[in-house]
Structures are given as C-alpha cells and as structure tokens.
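This report refers to the structure that appears directly beneath it.
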Amino acid sequence: MRATQTTTFRSLQNYLDKASTRLQSLQLAAATGKRLNRPSDDATAISPVLSARTQIKNSDRYLETIASGLDRINNMDGNLNNIENVMQRIREISLAAVNDTLSANDRLTYANEVGQLKQALLDTGNAQVDGKFLFAGFAEKTKPFTVNPNYPATQPNPVVYNGDQGVVQYEIGPGEKIAVNITGSALLLGDADNDGTTDPGAVDIFAVITSIEEALRADNPAGVEAQLTNLETGADQVRTQRSLKGNIGARLTLASDHMEQVKIDMETMRSRFEDADILETITNLEQQQQGFQAALSVTGKVNDLSILNYI
C-alpha cells in the first residue's frame, strides 16, 4: 500500500503530539520532583500513596497528642516533687519538735512554718497549666482545693476537694489510650473514688499536717509524734503516684519513638511511589528534548518535499 503525503503528515503529527506530552510530563516531574502529579501518571500508585499520606497525617496527630501528654506529665512531676519536698520538711520539723528540750515558743515557731508549708501544699494542689488545673480530674476549670470554712466546727476535713475523679486519657496510637492525670482527691486526700471517705491504707495529707500544726501550737509533742506514721504514709502516697506517672512518661516516650518510625516508614513508601529520581528524570528530559527537536527537524524537511522542487 502506497503511503500518501497526508498519511505521512498524520503519522508525524501523532508522533509529535506524543513526544510533546512526554516532554511536558518530564518537565513537570523535574520542576516538582515528583513523578506522580496526576492519577493518569501511574494509576497503580495512587492507592499506596494516598494510604501513606493518611498514615503520615495520623502519625502527626498522635505525635502532637503524645507531646501534649509528655508536657502534662513533666509539669505534674515538677509539682509532685515540690509536694515531696514540703512533706520532707514537715517530717524534719516533726522529728525536731518531739525533742523535750524545745520550749513552747520553739514549737510555736515550727507551727508557723508548718502553716506556711501547708499553704504551699494547697497552692501546689491548685497548680495550673495553660489555665487548666492539673489535679481537678475532668473539672479542669474548677479550683480543686479550698479551705473548708466549716472546719473544725461541723466537718472534720480542713480542706475540701471540688474536682471530680475523671480520668483524662490521651489516644497515643490506633485504639491505644493512656491516663495522664492524677485526681487531687486520690493524691492528697487519699480518696480515689471521691466518695468523701479516706480509702483504707491512705491518709488525708491536709488533715495530718493540720493535726501536726495544731499539736505544735498546743505545745503537745506527743500529738506531733502520733502523726509521724501518718505523715510517712502520706509521703508514700505521693511517691507511689509519682512513680506511676513516671512509668507513663516512659511509655509516652516509647510511643513517640514508635510513631516517628512509622512516619519515616510511610514517608519512604510514599516517596518510592510518588517522588521522581531527579538524575534519571533530567537525563530522560534531555534525551526527550533532543528527540523532539529531531522530530521537528524531520517534519520540516518532509513539509518541503514537493514535485515543484524538481521541475
């Protein structure tokens, strides 16, 4: 079958169109650094790329949550350390106050210091981060501890708890949640279920310290000595909570490391399907440009062919 000039021109035009499309794709890949710029570039790569992007976004969200949890744990640990220091100082005062050589004025001086330490403990129990009370449970806008105006006339507790027993949980992975708070009632009042009654084996730390202060003001060393065991129980109560939150802090750190690795793995997978090999892309681009120029040159020469050139 004889090829006519029209057929030749159509074939050349079809080749130029394909070459131009390929050239544009390579130019776009070189400019963006991505070989997948539209679904038609590689239909099979769309699903893994979208899946990787989704998991990367989820990892970022979990990492933000974990970072927030670590901030909370670190702030809490600082306050728990302060509580331990306060109780240690009260224990030192109590041990010194049972000495028979001390005068009533000496014990009164100690009583004033214990009163200041109790206020410091109250302030620490009402610690806030970003305007939220750390030890109030879900009631983060409510001041958890206030002095009981009815003590000791009608109620035995010198300090009342105004928060709740809500457990604040953060999601640190798919379906994985972890508690990041301590309720003030469990920490300082020894009342984990917040039913108004001190749990077995626990103590109301404010009540213990108040009893020590009152015994010192009354020049009653025996009353101070009677609270030493309770004071140590309260210190253990705080140390236990601090240890538990330390474990949670370690768990959050591990979760952060794991989520960072997941993010790296997903970035690697996304890059394998989506990103272009720049060196290869530029090489192909130069070859395609040369081929396109050659095709244009041939087309121009074919266009000049005419019988009139030979008359």
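Labeling convention for the structure tokens: chains A, B, ... as they appear, residues from 1 per chain, ligands from 1 in order of appearance.
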Report as CSV: every residue of region 167-264 of chain A with an atom at most 12 Å from region 86-102 of chain A, its closest pair of atoms, and their distance in Å to one decimal, counting only C-alpha atoms, with rows sorted by chain and ascending residue number.
```
residue,atom,partner,partner_atom,distance
A:Leu188,CA,A:Met87,CA,11.3
A:Ile205,CA,A:Met87,CA,9.1
A:Phe206,CA,A:Met87,CA,10.6
A:Val208,CA,A:Ile90,CA,10.5
A:Ile209,CA,A:Ile90,CA,7.9
A:Thr210,CA,A:Ile90,CA,11.0
A:Ser211,CA,A:Ser94,CA,11.1
A:Ile212,CA,A:Ser94,CA,7.5
A:Glu213,CA,A:Ser94,CA,9.3
A:Glu214,CA,A:Ser94,CA,11.9
A:Ala215,CA,A:Ala97,CA,9.8
A:Leu216,CA,A:Ala97,CA,7.6
A:Arg217,CA,A:Ala97,CA,11.0
A:Ala218,CA,A:Ala97,CA,11.9
A:Asp219,CA,A:Ala97,CA,9.1
A:Asn220,CA,A:Val98,CA,8.4
A:Pro221,CA,A:Val98,CA,4.7
A:Ala222,CA,A:Val98,CA,6.9
A:Gly223,CA,A:Val98,CA,9.0
A:Val224,CA,A:Ser94,CA,6.2
A:Glu225,CA,A:Val98,CA,6.4
A:Ala226,CA,A:Ser94,CA,10.0
A:Gln227,CA,A:Ser94,CA,8.6
A:Leu228,CA,A:Ser94,CA,7.3
A:Thr229,CA,A:Arg91,CA,10.0
A:Asn230,CA,A:Arg91,CA,10.5
A:Leu231,CA,A:Arg91,CA,7.1
A:Glu232,CA,A:Arg91,CA,8.0
A:Thr233,CA,A:Met87,CA,10.8
A:Gly234,CA,A:Met87,CA,8.4
A:Ala235,CA,A:Met87,CA,6.6
A:Asp236,CA,A:Met87,CA,10.4
A:Gln237,CA,A:Met87,CA,11.2
A:Val238,CA,A:Met87,CA,9.6
A:Arg239,CA,A:Met87,CA,11.0
```
Report task. Write out as a ChimeraX atom specification all residues of region 63-310 of chain A that DSSP puts in helix (DSSP H, G or I) for this structure's backbone. Result -> /A:63-97,104-125,184-188,205-217,221-226,228-274,278-304,307-310
Query raised in the report: To one decimal place, how far is CA of Leu252 (chain A) from CA of Ser185 (chain A) in Å?
Result: 24.6 Å
Report task. State, in Å with one decimal place, the distance from CA of Gly166 (chain A) to CA of Ala136 (chain A). Result -> 8.1 Å
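Within the 10 Å cut-off around Gly137 (chain A), using only C-alpha atoms and omitting residues fewer than 5 positions from it on the same chain, the listed residues are Thr142, Pro144, Asn162, Gly163, Asp164, Gln165, Gly166, Val167, Val168, Asn181, Ile182, Thr183, Gly184 and Ser185 of chain A.
Closest approach to Thr197 (chain A) among A:Gln119, A:Asn157, A:Gln169, A:Thr253 is made by A:Asn157 (distances from only C-alpha atoms).
Within region 29-270 of chain A, DSSP applied to the backbone places the following residues in strand (DSSP E or B): Lys34, Gln128, Val129, Lys132, Phe133, Phe145, Thr146, Val147, Val159, Val160, Tyr161, Gln169, Tyr170, Glu171, Ile172, Gly173, Glu176, Lys177, Ile178 and Ala179 of chain A.
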Okay, now the selection with N, CA and C atoms, as a compact mmCIF listing (two decimals), in the first residue's frame?
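The resulting selection_4.txt:
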```txt
# COMPACT_ATOMS: atom_id res chain seq x y z
N LYS A 34 8.43 15.24 41.53
CA LYS A 34 7.50 14.13 41.69
C LYS A 34 7.18 13.54 40.31
N GLN A 128 -1.78 25.04 87.89
CA GLN A 128 -2.43 25.13 86.59
C GLN A 128 -1.39 25.07 85.47
N VAL A 129 -1.82 24.57 84.32
CA VAL A 129 -1.05 24.61 83.09
C VAL A 129 -1.99 25.04 81.98
N LYS A 132 -5.55 25.41 83.00
CA LYS A 132 -6.28 24.21 83.42
C LYS A 132 -5.64 23.65 84.69
N PHE A 133 -6.49 23.31 85.67
CA PHE A 133 -5.98 22.77 86.93
C PHE A 133 -5.55 21.32 86.72
N PHE A 145 -8.85 22.57 95.27
CA PHE A 145 -8.74 22.58 96.73
C PHE A 145 -9.05 23.96 97.30
N THR A 146 -9.90 23.97 98.31
CA THR A 146 -10.20 25.20 99.05
C THR A 146 -10.25 24.89 100.54
N VAL A 147 -9.93 25.88 101.33
CA VAL A 147 -10.00 25.71 102.79
C VAL A 147 -11.46 25.52 103.19
N VAL A 159 -9.52 20.76 104.48
CA VAL A 159 -9.51 21.17 103.07
C VAL A 159 -10.52 20.32 102.31
N VAL A 160 -11.28 20.96 101.41
CA VAL A 160 -12.27 20.21 100.61
C VAL A 160 -11.81 20.16 99.15
N TYR A 161 -12.20 19.07 98.50
CA TYR A 161 -11.86 18.86 97.08
C TYR A 161 -13.09 19.18 96.24
N GLN A 169 -7.70 10.74 79.49
CA GLN A 169 -6.96 9.80 78.66
C GLN A 169 -6.61 10.43 77.32
N TYR A 170 -5.40 10.15 76.86
CA TYR A 170 -4.95 10.60 75.54
C TYR A 170 -4.78 9.40 74.63
N GLU A 171 -5.19 9.53 73.38
CA GLU A 171 -5.00 8.46 72.41
C GLU A 171 -3.61 8.62 71.79
N ILE A 172 -2.76 7.63 72.01
CA ILE A 172 -1.37 7.72 71.55
C ILE A 172 -1.07 6.76 70.40
N GLY A 173 -2.09 6.06 69.95
CA GLY A 173 -1.95 5.14 68.83
C GLY A 173 -3.31 4.61 68.47
N GLU A 176 -5.29 2.89 71.19
CA GLU A 176 -4.48 2.84 72.42
C GLU A 176 -4.58 4.17 73.17
N LYS A 177 -5.12 4.09 74.39
CA LYS A 177 -5.28 5.27 75.21
C LYS A 177 -4.52 5.09 76.53
N ILE A 178 -4.11 6.23 77.11
CA ILE A 178 -3.34 6.17 78.35
C ILE A 178 -3.76 7.33 79.25
N ALA A 179 -3.88 7.05 80.55
CA ALA A 179 -4.29 8.08 81.51
C ALA A 179 -3.11 8.99 81.83
```
Query raised in the report: Between A:Ile73, A:Leu50, A:Leu63, A:Ala43, which is the closest to Ala255 (chain A) once you count only C-alpha atoms?
Result: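 Checking each of A:Ile73, A:Leu50, A:Leu63, A:Ala43 against Ala255 (chain A), counting only C-alpha atoms, the winner is A:Leu63.
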Query raised in the report: Between A:Gly201, A:Gly246, A:Gly115, A:Gly175, which is the closest to Asn75 (chain A) once you count only C-alpha atoms?
Result: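 Nearest candidate to Asn75 (chain A) out of A:Gly201, A:Gly246, A:Gly115, A:Gly175: A:Gly246.
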**Report entry** Selected residue, from A:Thr44, A:Ala111, A:Gly131, A:Arg242, that lies nearest to Asn81 (chain A) when counting only C-alpha atoms
**Finding:**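 Of A:Thr44, A:Ala111, A:Gly131, A:Arg242, the one nearest Asn81 (chain A), counting only C-alpha atoms, is A:Arg242.
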